[in-house]
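Data first, discussion second: the structure below is written as structure tokens.
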Amino acid sequence: MKGRRGWACAPRPLPEEEGSVSTTGLSRRGVFVLQINHIVHNGGLYKRPFNEAFEETPMLVAVLTYVGYGVLTLFGYLRDFMRQWKIEKCQNATEREEQKDFVPLYQDFENFYNRNLYMRIRDSWNRPICSVPGAKVDMMERVSHDYNWTFTYTGRVIKDIINMGSYNYLGFAQNAGTCQEAAAEVLSQYGAGVCSTRREMGNLDKHEELEKLVARFLGVESAMAYGMGFATNSMNIPALVGKGCLILSDELNHASLVLGARLSGATIRIFKHNNMQSLEKLLKDAIVHGQPRTRRPWKKILILVEGIYSMEGSIVRLPEVIALKKKYKSYLYLDEAHSIGALGPNGRGVVDYFGLSPEDVDVMMGTFTKSFGAAGGYIGGKKELIDYLRTHSHSAVYATSMSPPVVEQIITSMKCIMGEDGTSVGKARVQQLAENTRYFRRRLKEMGFIIYGNEDSPVVPLMLYMPAKIGAFGREMLKRNIGVVVVGFPATPIIESRARFCLSAAHTKEMLDTALKEINEVGDLLQLKYSRHRLVPLLDRPFDETTYEETED
């Protein structure tokens with residue numbers, strides 16, 4: 001197994017424990033075959049294979065990417081010089097004349113980057129859609145006559161764009177069906193808003209019903225719902241830890257976790273992404289050395305991880321994290337924003353995916369914005385924890401209650417996943433998402449693209465690298481009626497720009513085949529097939545058998 005940017009085909013064995021990766025040498029056709037046997041991993045921690053790929057960036061591609069950013073930066077400084085001397089018209093916002101002697105509010109690199117690099121490809125983002133964000137969407141056409149500084153709408157609507165960008169994992173973002181009917185009925189009974197906090201006049205019977213349902217769905221004692229997913233992290237972490245506490249955070253955690261950690265006032269230390277050796281070293285150091293200067297023991301040690309990392313497509317090594325958490329007597333905060341509903345045989349997230357007990361996770365956080373097609377977030381755990389958060393969390397005390405139709409959307413979709421609606425529709429959607437994920441990932445790898453993440457993750461990053469290809473890929477795909485999300489700095493490292501596909505149970509095989517055909521064509525056009533590891537499946541197998549052939553160009 002290589003490092004973070006190599007092939008990760010099974011968890012690295014912990015000390016004095018045996019792994020399960022065996023290499024079978026050369027096949028009859030002279031191709032190196034890697035066999036991963038379906039046996040117990042890491043002394044019983046893993047009950048299924050855990051396959052992730054982070055192929056290293058080819059050296060030439062990395063060099064050309066740096067050169068590309070260097071050229072754009074040089075031209076940016078040249079254009080700023082021309083704007084200063086009125087040779088080129090200055091389009092960006094500037095201070096008023098009477099404020100020229102004030103300290104600038106945002107004179108930094110991001111301002112330079114936005115003005116000279118982001119503006120060139122700004123048309124790839126904030127595209128307005130005018131339909132439900134289902135498997136297909138309608139998009140309003142817009143044009144720019146001043147190089148993306150402003151946009152004008154033409155009045156034309158681009159119909160039936162295959163939506164490969166929304167977090168609609170289970171297809172519950174829809175304007176017809178049981179969820180829509182239930183939400184419409186609640187809207188007519190309760191109205192759209194509550195106009196109060198939960199502690200005052202905004203605690204509805206629907207909120208109580210939702211929280212009991214979430215607790216039952218997660219398999220925990222109690223749960224609490226919040227109106228905003230981002231605030232669920234950023235406002236609850238400060239309520240759990242403070243000065244004298246230590247937070248150990250994955251380097252690729254979401255901005256909401258990062259903000260919550262910073263607001264808490266606790267000491268923050270970062271471990272390498274999904275690297276258990278790095279995490280264990282920090283835990284050992286924390287136990288041995290204690291707090292800086294005083295050497296007193298830490299009041300609490302809280303580990304922050306995500307279920308699915310939304311930019312990498314990787315899945316947390318939860319069995320190993322739990323083993324380390326128990327070994328060093330620390331607490332675990334698990335963010336399941338992308339994994340709840342999208343992973344596990346029952347759609348109950350990464351805990352269900354690994355067959356673990358919810359009791360081993362101290363704080364289970366997730367959002368309703370993705371798999372449930374709604375808005376808001378939740379915290380689940382022991383009753384004492386939830387009772388404490390009800391009185392100490394800013395997001396609970398000061399935020400307005402969730403909208404009743406949104407609550408009903410969550411209740412109806414969650415009952416569907418659990419099978420409590422009397423149908424098997426929810427289970428079928430969970431299975432369909434898993435099948436779509438494996439099929440789509442396998443086809444992209446066969447084409448020769450560099451794909452990051454776990455083979456079971458519905459978040460599929462396709463590496464673009466070079467700055468010019470970020471906008472080009474988004475535009476070329478839109479020309480072919482495929483809506484994709486392209487991502488660059490500062491959301492990713494500066495040389496790791498990518499397109500991110502989010503799969504849905506609502507995608508049919510015909511839609512995926514159409515999208516794959518166009519991606520293959522654009523990949524050839526823009527020369528995006530960087531992979532030196534072409535995976536050629538021997539044959540279609542069940543998900544628990546992972547024999548494949550690996551070839552190097």
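Residues are named by chain letter and number: chains run A, B, ... in the order of the structure tokens, numbers start at 1 in each chain, and ligands are numbered from 1 in the order shown.
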
Next on the checklist: Env of stretch 487-493 of chain A: 12 Å cut, atoms = only C-alpha atoms, seq-sep filter 3 positions within chain, self excluded. Answer as a ChimeraX atom specification.
Outcome noted: /A:62,65-66,69,109-111,113-114,117-118,121-122,124-125,165,251-255,310-312,461-471,473-474,484,496-501

Strand (DSSP E or B) per DSSP on the backbone: members of stretch 118-362 of chain A, as a JSON list (two decimals) with N, CA, C and O atoms, in the first residue's frame:
[["chain", "number", "residue", "atom", "x", "y", "z"],
["A", 129, "ILE", "N", -30.55, 27.14, -11.62],
["A", 129, "ILE", "CA", -31.47, 26.13, -12.13],
["A", 129, "ILE", "C", -32.89, 26.57, -11.80],
["A", 129, "ILE", "O", -33.13, 27.33, -10.87],
["A", 136, "LYS", "N", -32.56, 15.01, -13.43],
["A", 136, "LYS", "CA", -32.39, 15.99, -14.52],
["A", 136, "LYS", "C", -32.88, 17.34, -14.03],
["A", 136, "LYS", "O", -33.80, 17.42, -13.20],
["A", 137, "VAL", "N", -32.27, 18.40, -14.53],
["A", 137, "VAL", "CA", -32.65, 19.76, -14.13],
["A", 137, "VAL", "C", -32.81, 20.64, -15.37],
["A", 137, "VAL", "O", -32.30, 20.33, -16.45],
["A", 138, "ASP", "N", -33.51, 21.75, -15.17],
["A", 138, "ASP", "CA", -33.59, 22.81, -16.18],
["A", 138, "ASP", "C", -32.74, 23.98, -15.69],
["A", 138, "ASP", "O", -32.76, 24.32, -14.50],
["A", 139, "MET", "N", -32.01, 24.60, -16.60],
["A", 139, "MET", "CA", -31.09, 25.66, -16.22],
["A", 139, "MET", "C", -31.34, 26.90, -17.07],
["A", 139, "MET", "O", -31.58, 26.82, -18.28],
["A", 140, "MET", "N", -31.29, 28.07, -16.41],
["A", 140, "MET", "CA", -31.45, 29.33, -17.12],
["A", 140, "MET", "C", -30.15, 29.69, -17.85],
["A", 140, "MET", "O", -29.08, 29.66, -17.25],
["A", 141, "GLU", "N", -30.26, 30.00, -19.11],
["A", 141, "GLU", "CA", -29.07, 30.35, -19.90],
["A", 141, "GLU", "C", -28.65, 31.79, -19.59],
["A", 141, "GLU", "O", -29.50, 32.68, -19.44],
["A", 142, "ARG", "N", -27.35, 32.02, -19.48],
["A", 142, "ARG", "CA", -26.83, 33.36, -19.22],
["A", 142, "ARG", "C", -25.57, 33.57, -20.05],
["A", 142, "ARG", "O", -24.86, 32.62, -20.39],
["A", 143, "VAL", "N", -25.30, 34.81, -20.36],
["A", 143, "VAL", "CA", -24.10, 35.17, -21.13],
["A", 143, "VAL", "C", -23.42, 36.35, -20.45],
["A", 143, "VAL", "O", -24.03, 37.09, -19.67],
["A", 152, "THR", "N", -25.86, 38.32, -18.07],
["A", 152, "THR", "CA", -27.18, 38.70, -18.57],
["A", 152, "THR", "C", -27.94, 37.43, -18.92],
["A", 152, "THR", "O", -27.39, 36.53, -19.57],
["A", 153, "TYR", "N", -29.19, 37.36, -18.49],
["A", 153, "TYR", "CA", -30.00, 36.19, -18.79],
["A", 153, "TYR", "C", -30.67, 36.37, -20.14],
["A", 153, "TYR", "O", -31.25, 37.42, -20.44],
["A", 154, "THR", "N", -30.60, 35.32, -20.96],
["A", 154, "THR", "CA", -31.14, 35.41, -22.33],
["A", 154, "THR", "C", -32.64, 35.14, -22.36],
["A", 154, "THR", "O", -33.29, 35.44, -23.36],
["A", 155, "GLY", "N", -33.19, 34.57, -21.30],
["A", 155, "GLY", "CA", -34.59, 34.19, -21.30],
["A", 155, "GLY", "C", -34.82, 32.76, -21.75],
["A", 155, "GLY", "O", -35.93, 32.22, -21.64],
["A", 156, "ARG", "N", -33.78, 32.12, -22.25],
["A", 156, "ARG", "CA", -33.89, 30.73, -22.70],
["A", 156, "ARG", "C", -33.61, 29.77, -21.55],
["A", 156, "ARG", "O", -32.76, 30.05, -20.71],
["A", 157, "VAL", "N", -34.33, 28.67, -21.51],
["A", 157, "VAL", "CA", -34.12, 27.64, -20.49],
["A", 157, "VAL", "C", -33.57, 26.38, -21.16],
["A", 157, "VAL", "O", -34.14, 25.89, -22.13],
["A", 158, "ILE", "N", -32.44, 25.90, -20.64],
["A", 158, "ILE", "CA", -31.84, 24.67, -21.16],
["A", 158, "ILE", "C", -32.50, 23.51, -20.44],
["A", 158, "ILE", "O", -32.38, 23.37, -19.22],
["A", 159, "LYS", "N", -33.20, 22.66, -21.17],
["A", 159, "LYS", "CA", -34.01, 21.60, -20.57],
["A", 159, "LYS", "C", -33.24, 20.29, -20.42],
["A", 159, "LYS", "O", -32.31, 19.99, -21.17],
["A", 160, "ASP", "N", -33.65, 19.50, -19.43],
["A", 160, "ASP", "CA", -33.23, 18.10, -19.25],
["A", 160, "ASP", "C", -31.72, 17.92, -19.22],
["A", 160, "ASP", "O", -31.16, 17.07, -19.92],
["A", 161, "ILE", "N", -31.06, 18.70, -18.40],
["A", 161, "ILE", "CA", -29.63, 18.51, -18.17],
["A", 161, "ILE", "C", -29.46, 17.39, -17.13],
["A", 161, "ILE", "O", -30.08, 17.44, -16.06],
["A", 162, "ILE", "N", -28.65, 16.39, -17.44],
["A", 162, "ILE", "CA", -28.41, 15.32, -16.47],
["A", 162, "ILE", "C", -27.63, 15.90, -15.30],
["A", 162, "ILE", "O", -26.54, 16.43, -15.46],
["A", 163, "ASN", "N", -28.21, 15.79, -14.12],
["A", 163, "ASN", "CA", -27.66, 16.42, -12.92],
["A", 163, "ASN", "C", -26.67, 15.49, -12.22],
["A", 163, "ASN", "O", -27.06, 14.54, -11.55],
["A", 197, "THR", "N", -38.06, 30.35, 18.68],
["A", 197, "THR", "CA", -37.09, 29.31, 18.98],
["A", 197, "THR", "C", -37.79, 28.14, 19.67],
["A", 197, "THR", "O", -38.93, 28.27, 20.15],
["A", 222, "SER", "N", -31.07, 9.24, 22.25],
["A", 222, "SER", "CA", -31.79, 10.49, 22.04],
["A", 222, "SER", "C", -31.15, 11.25, 20.88],
["A", 222, "SER", "O", -30.02, 10.96, 20.47],
["A", 223, "ALA", "N", -31.87, 12.22, 20.34],
["A", 223, "ALA", "CA", -31.37, 13.03, 19.23],
["A", 223, "ALA", "C", -32.00, 14.40, 19.28],
["A", 223, "ALA", "O", -33.06, 14.61, 19.88],
["A", 224, "MET", "N", -31.33, 15.36, 18.64],
["A", 224, "MET", "CA", -31.85, 16.72, 18.56],
["A", 224, "MET", "C", -31.66, 17.25, 17.15],
["A", 224, "MET", "O", -30.61, 17.02, 16.53],
["A", 225, "ALA", "N", -32.66, 17.93, 16.62],
["A", 225, "ALA", "CA", -32.62, 18.45, 15.25],
["A", 225, "ALA", "C", -32.35, 19.95, 15.26],
["A", 225, "ALA", "O", -32.77, 20.67, 16.17],
["A", 226, "TYR", "N", -31.65, 20.42, 14.23],
["A", 226, "TYR", "CA", -31.29, 21.82, 14.08],
["A", 226, "TYR", "C", -31.69, 22.29, 12.68],
["A", 226, "TYR", "O", -31.78, 21.50, 11.74],
["A", 246, "LEU", "N", -8.43, 19.21, 24.11],
["A", 246, "LEU", "CA", -7.66, 18.97, 22.90],
["A", 246, "LEU", "C", -8.56, 18.40, 21.82],
["A", 246, "LEU", "O", -9.30, 17.44, 22.06],
["A", 247, "ILE", "N", -8.51, 19.01, 20.64],
["A", 247, "ILE", "CA", -9.23, 18.50, 19.47],
["A", 247, "ILE", "C", -8.22, 17.92, 18.49],
["A", 247, "ILE", "O", -7.26, 18.60, 18.11],
["A", 248, "LEU", "N", -8.44, 16.68, 18.07],
["A", 248, "LEU", "CA", -7.63, 16.05, 17.04],
["A", 248, "LEU", "C", -8.50, 15.95, 15.79],
["A", 248, "LEU", "O", -9.50, 15.23, 15.76],
["A", 249, "SER", "N", -8.13, 16.72, 14.77],
["A", 249, "SER", "CA", -8.99, 16.89, 13.60],
["A", 249, "SER", "C", -8.29, 16.38, 12.34],
["A", 249, "SER", "O", -7.11, 16.65, 12.12],
["A", 250, "ASP", "N", -9.03, 15.65, 11.52],
["A", 250, "ASP", "CA", -8.51, 15.22, 10.22],
["A", 250, "ASP", "C", -8.20, 16.45, 9.37],
["A", 250, "ASP", "O", -8.94, 17.43, 9.38],
["A", 267, "THR", "N", -7.36, 23.57, 22.18],
["A", 267, "THR", "CA", -6.14, 23.38, 21.38],
["A", 267, "THR", "C", -6.46, 22.42, 20.24],
["A", 267, "THR", "O", -7.12, 21.39, 20.44],
["A", 268, "ILE", "N", -6.01, 22.76, 19.04],
["A", 268, "ILE", "CA", -6.32, 21.94, 17.86],
["A", 268, "ILE", "C", -5.02, 21.36, 17.30],
["A", 268, "ILE", "O", -4.05, 22.09, 17.10],
["A", 269, "ARG", "N", -5.01, 20.07, 17.07],
["A", 269, "ARG", "CA", -3.90, 19.42, 16.38],
["A", 269, "ARG", "C", -4.46, 18.60, 15.22],
["A", 269, "ARG", "O", -5.52, 17.97, 15.34],
["A", 270, "ILE", "N", -3.73, 18.63, 14.12],
["A", 270, "ILE", "CA", -4.22, 18.04, 12.87],
["A", 270, "ILE", "C", -3.47, 16.73, 12.59],
["A", 270, "ILE", "O", -2.25, 16.67, 12.71],
["A", 271, "PHE", "N", -4.23, 15.69, 12.23],
["A", 271, "PHE", "CA", -3.58, 14.46, 11.78],
["A", 271, "PHE", "C", -3.81, 14.25, 10.30],
["A", 271, "PHE", "O", -4.78, 14.76, 9.72],
["A", 301, "ILE", "N", -10.19, 14.89, 25.31],
["A", 301, "ILE", "CA", -9.60, 14.75, 23.98],
["A", 301, "ILE", "C", -10.72, 14.33, 23.04],
["A", 301, "ILE", "O", -11.37, 13.29, 23.24],
["A", 302, "LEU", "N", -10.99, 15.15, 22.03],
["A", 302, "LEU", "CA", -12.10, 14.91, 21.10],
["A", 302, "LEU", "C", -11.53, 14.70, 19.69],
["A", 302, "LEU", "O", -10.80, 15.54, 19.18],
["A", 303, "ILE", "N", -11.87, 13.58, 19.09],
["A", 303, "ILE", "CA", -11.44, 13.27, 17.72],
["A", 303, "ILE", "C", -12.57, 13.66, 16.76],
["A", 303, "ILE", "O", -13.71, 13.23, 16.93],
["A", 304, "LEU", "N", -12.25, 14.49, 15.77],
["A", 304, "LEU", "CA", -13.23, 14.93, 14.77],
["A", 304, "LEU", "C", -12.95, 14.25, 13.43],
["A", 304, "LEU", "O", -11.87, 14.39, 12.88],
["A", 305, "VAL", "N", -13.94, 13.50, 12.92],
["A", 305, "VAL", "CA", -13.81, 12.86, 11.61],
["A", 305, "VAL", "C", -15.14, 12.97, 10.87],
["A", 305, "VAL", "O", -16.19, 13.26, 11.46],
["A", 306, "GLU", "N", -15.08, 12.74, 9.56],
["A", 306, "GLU", "CA", -16.29, 12.69, 8.73],
["A", 306, "GLU", "C", -16.53, 11.27, 8.25],
["A", 306, "GLU", "O", -15.59, 10.47, 8.13],
["A", 308, "ILE", "N", -18.03, 10.40, 5.07],
["A", 308, "ILE", "CA", -17.50, 10.52, 3.71],
["A", 308, "ILE", "C", -16.94, 11.92, 3.57],
["A", 308, "ILE", "O", -17.62, 12.90, 3.90],
["A", 315, "ILE", "N", -13.80, 7.29, 2.65],
["A", 315, "ILE", "CA", -14.60, 6.91, 3.81],
["A", 315, "ILE", "C", -13.68, 6.76, 5.01],
["A", 315, "ILE", "O", -12.59, 6.20, 4.91],
["A", 331, "TYR", "N", -12.79, 10.90, 23.19],
["A", 331, "TYR", "CA", -14.16, 10.97, 22.67],
["A", 331, "TYR", "C", -14.13, 11.07, 21.15],
["A", 331, "TYR", "O", -13.18, 11.59, 20.57],
["A", 332, "LEU", "N", -15.21, 10.62, 20.51],
["A", 332, "LEU", "CA", -15.29, 10.62, 19.04],
["A", 332, "LEU", "C", -16.51, 11.40, 18.58],
["A", 332, "LEU", "O", -17.64, 11.13, 19.01],
["A", 333, "TYR", "N", -16.27, 12.37, 17.69],
["A", 333, "TYR", "CA", -17.33, 13.16, 17.06],
["A", 333, "TYR", "C", -17.34, 12.80, 15.58],
["A", 333, "TYR", "O", -16.37, 13.05, 14.86],
["A", 334, "LEU", "N", -18.43, 12.19, 15.12],
["A", 334, "LEU", "CA", -18.52, 11.70, 13.74],
["A", 334, "LEU", "C", -19.52, 12.53, 12.95],
["A", 334, "LEU", "O", -20.71, 12.58, 13.29],
["A", 335, "ASP", "N", -19.05, 13.17, 11.88],
["A", 335, "ASP", "CA", -19.90, 13.97, 10.99],
["A", 335, "ASP", "C", -20.35, 13.09, 9.83],
["A", 335, "ASP", "O", -19.54, 12.73, 8.97]]

Next on the checklist: With only C-alpha atoms as the counted atoms, please give the residues lying no more than 6 Å from stretch 443-454 of chain A, apart from itself and same-chain residues fewer than 6 positions off, as number ranges by chain.
Outcome noted: A: 51-54, 312-314, 461-463, 529-531, 534-535

Next on the checklist: Just want the 6 Å neighbourhood of stretch 166-168 of chain A, counted on only C-alpha atoms, with same-chain residues fewer than 5 positions away dropped. Output as a ChimeraX atom specification.
Outcome noted: /A:370-371,504

Please produce a file of the residues just selected, as a compact mmCIF listing (two decimals), in the first residue's frame, where the atoms kept are N, CA, C and O atoms.
# COMPACT_ATOMS: atom_id res chain seq x y z
N LYS A 370 -29.01 16.24 2.30
CA LYS A 370 -28.51 15.45 1.18
C LYS A 370 -29.41 14.25 0.90
O LYS A 370 -30.26 14.31 0.02
N SER A 371 -29.23 13.18 1.64
CA SER A 371 -30.01 11.96 1.35
C SER A 371 -31.50 12.14 1.58
O SER A 371 -32.31 11.41 0.99
N SER A 504 -26.71 9.44 -7.68
CA SER A 504 -28.03 9.39 -7.06
C SER A 504 -28.73 8.09 -7.43
O SER A 504 -28.49 7.53 -8.50

Item to check | Residue with smallest distance to A:Glu408 - pool A:Ser330, A:Ser424, A:Ser395, A:Gln189, counting only C-alpha atoms | outcome: A:Gln189

Next on the checklist: When you look at A:Gly419 with a cut-off of 12 Å (counting only C-alpha atoms), what residues show up, excluding the ones that are within fewer than 3 positions of it in the same chain? I need them as an MDAnalysis selection string.
Outcome noted: chainID A and resid 217 346:347 412:416 422:430

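Close contacts of A:Glu181, defined as residues with an atom at most 10 Å away when counting only C-alpha atoms, with chain neighbours fewer than 5 positions off set aside, comprise Asn175, Ala176, Val186, Leu187, Glu408, Gln409 and Thr412 of chain A.
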
Item to check | Long-range neighbours of A:Val351 as JSON, numbers by chain, 12 Å cut-off, only C-alpha atoms, 6 positions minimum in chain | outcome: {"A": [46, 217, 218, 219, 220, 306, 307, 308, 315, 316, 317, 318, 319, 321, 322, 334, 335, 336, 339, 340, 341, 342, 343, 344, 345, 357, 358, 359, 360, 361, 364, 365]}

Restrict the selected residues to N, CA and C atoms and save them as a short mmCIF file (atom, residue, chain, number, x, y, z; two decimals), in the first residue's frame.
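Dumped to selection-v6.cif:
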data_model
loop_
_atom_site.label_atom_id
_atom_site.label_comp_id
_atom_site.auth_asym_id
_atom_site.auth_seq_id
_atom_site.Cartn_x
_atom_site.Cartn_y
_atom_site.Cartn_z
N TYR A 46 -12.21 -5.13 10.65
CA TYR A 46 -12.94 -4.97 9.40
C TYR A 46 -13.63 -6.27 9.02
N PHE A 217 -33.79 5.70 14.21
CA PHE A 217 -33.08 5.42 12.95
C PHE A 217 -31.59 5.19 13.19
N LEU A 218 -31.00 6.00 14.07
CA LEU A 218 -29.57 5.90 14.35
C LEU A 218 -29.24 4.78 15.34
N GLY A 219 -30.22 4.37 16.14
CA GLY A 219 -29.97 3.38 17.17
C GLY A 219 -29.33 3.97 18.41
N VAL A 220 -29.69 5.22 18.74
CA VAL A 220 -29.13 5.90 19.91
C VAL A 220 -30.26 6.24 20.88
N GLU A 306 -15.08 12.74 9.56
CA GLU A 306 -16.29 12.69 8.73
C GLU A 306 -16.53 11.27 8.25
N GLY A 307 -17.78 10.96 7.93
CA GLY A 307 -18.10 9.65 7.37
C GLY A 307 -17.57 9.51 5.96
N ILE A 308 -18.03 10.40 5.07
CA ILE A 308 -17.50 10.52 3.71
C ILE A 308 -16.94 11.92 3.57
N ILE A 315 -13.80 7.29 2.65
CA ILE A 315 -14.60 6.91 3.81
C ILE A 315 -13.68 6.76 5.01
N VAL A 316 -14.12 7.28 6.15
CA VAL A 316 -13.31 7.21 7.36
C VAL A 316 -13.03 5.75 7.74
N ARG A 317 -11.84 5.50 8.25
CA ARG A 317 -11.49 4.16 8.74
C ARG A 317 -12.05 4.02 10.16
N LEU A 318 -13.36 3.95 10.22
CA LEU A 318 -14.04 4.04 11.51
C LEU A 318 -13.68 2.93 12.49
N PRO A 319 -13.56 1.66 12.07
CA PRO A 319 -13.18 0.63 13.05
C PRO A 319 -11.85 0.93 13.73
N VAL A 321 -10.46 3.99 14.06
CA VAL A 321 -10.63 5.19 14.88
C VAL A 321 -11.27 4.82 16.22
N ILE A 322 -12.28 3.97 16.18
CA ILE A 322 -12.95 3.55 17.42
C ILE A 322 -11.98 2.76 18.31
N LEU A 334 -18.43 12.19 15.12
CA LEU A 334 -18.52 11.70 13.74
C LEU A 334 -19.52 12.53 12.95
N ASP A 335 -19.05 13.17 11.88
CA ASP A 335 -19.90 13.97 10.99
C ASP A 335 -20.35 13.09 9.83
N GLU A 336 -21.64 12.76 9.80
CA GLU A 336 -22.17 11.89 8.75
C GLU A 336 -23.01 12.66 7.74
N SER A 339 -22.61 10.67 4.52
CA SER A 339 -22.71 9.21 4.59
C SER A 339 -24.08 8.72 5.08
N ILE A 340 -24.80 9.54 5.86
CA ILE A 340 -26.09 9.08 6.36
C ILE A 340 -27.07 8.93 5.18
N GLY A 341 -27.67 7.78 5.08
CA GLY A 341 -28.57 7.50 3.95
C GLY A 341 -27.85 6.94 2.74
N ALA A 342 -26.58 7.30 2.58
CA ALA A 342 -25.85 6.92 1.36
C ALA A 342 -24.98 5.69 1.53
N LEU A 343 -24.73 5.26 2.77
CA LEU A 343 -23.87 4.10 3.03
C LEU A 343 -24.60 3.10 3.92
N GLY A 344 -24.16 1.86 3.83
CA GLY A 344 -24.69 0.82 4.69
C GLY A 344 -25.85 0.09 4.06
N PRO A 345 -26.01 -1.19 4.38
CA PRO A 345 -27.12 -1.97 3.80
C PRO A 345 -28.49 -1.42 4.15
N SER A 357 -21.37 -0.75 16.35
CA SER A 357 -22.42 -0.33 17.28
C SER A 357 -22.44 1.20 17.40
N PRO A 358 -23.62 1.82 17.32
CA PRO A 358 -23.71 3.28 17.50
C PRO A 358 -23.20 3.73 18.87
N GLU A 359 -23.21 2.84 19.85
CA GLU A 359 -22.76 3.21 21.19
C GLU A 359 -21.27 3.52 21.22
N ASP A 360 -20.52 3.05 20.21
CA ASP A 360 -19.07 3.31 20.17
C ASP A 360 -18.74 4.72 19.69
N VAL A 361 -19.74 5.45 19.17
CA VAL A 361 -19.54 6.83 18.71
C VAL A 361 -20.20 7.75 19.73
N MET A 364 -22.88 11.58 17.32
CA MET A 364 -23.22 11.27 15.92
C MET A 364 -23.92 12.47 15.32
N MET A 365 -23.25 13.12 14.38
CA MET A 365 -23.81 14.29 13.73
C MET A 365 -24.12 13.96 12.27
#

Checklist outcome for this item: re atom CA of A:Asn116 and atom CA of A:Val67: distance 15.9 Å

Item to check | Gap from atom CA of A:Cys245 to atom CA of A:Glu384 - Å, one decimal | outcome: 19.7 Å

Item to check | All alpha helix (DSSP H) residues (DSSP, backbone) inside stretch 300-416 of chain A, as a ChimeraX atom specification | outcome: /A:318-327,350-354,383-392,394-397,404-416

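Between atom CA of A:Ala375 and atom CA of A:Leu503 the interatomic distance comes to 19.0 Å.
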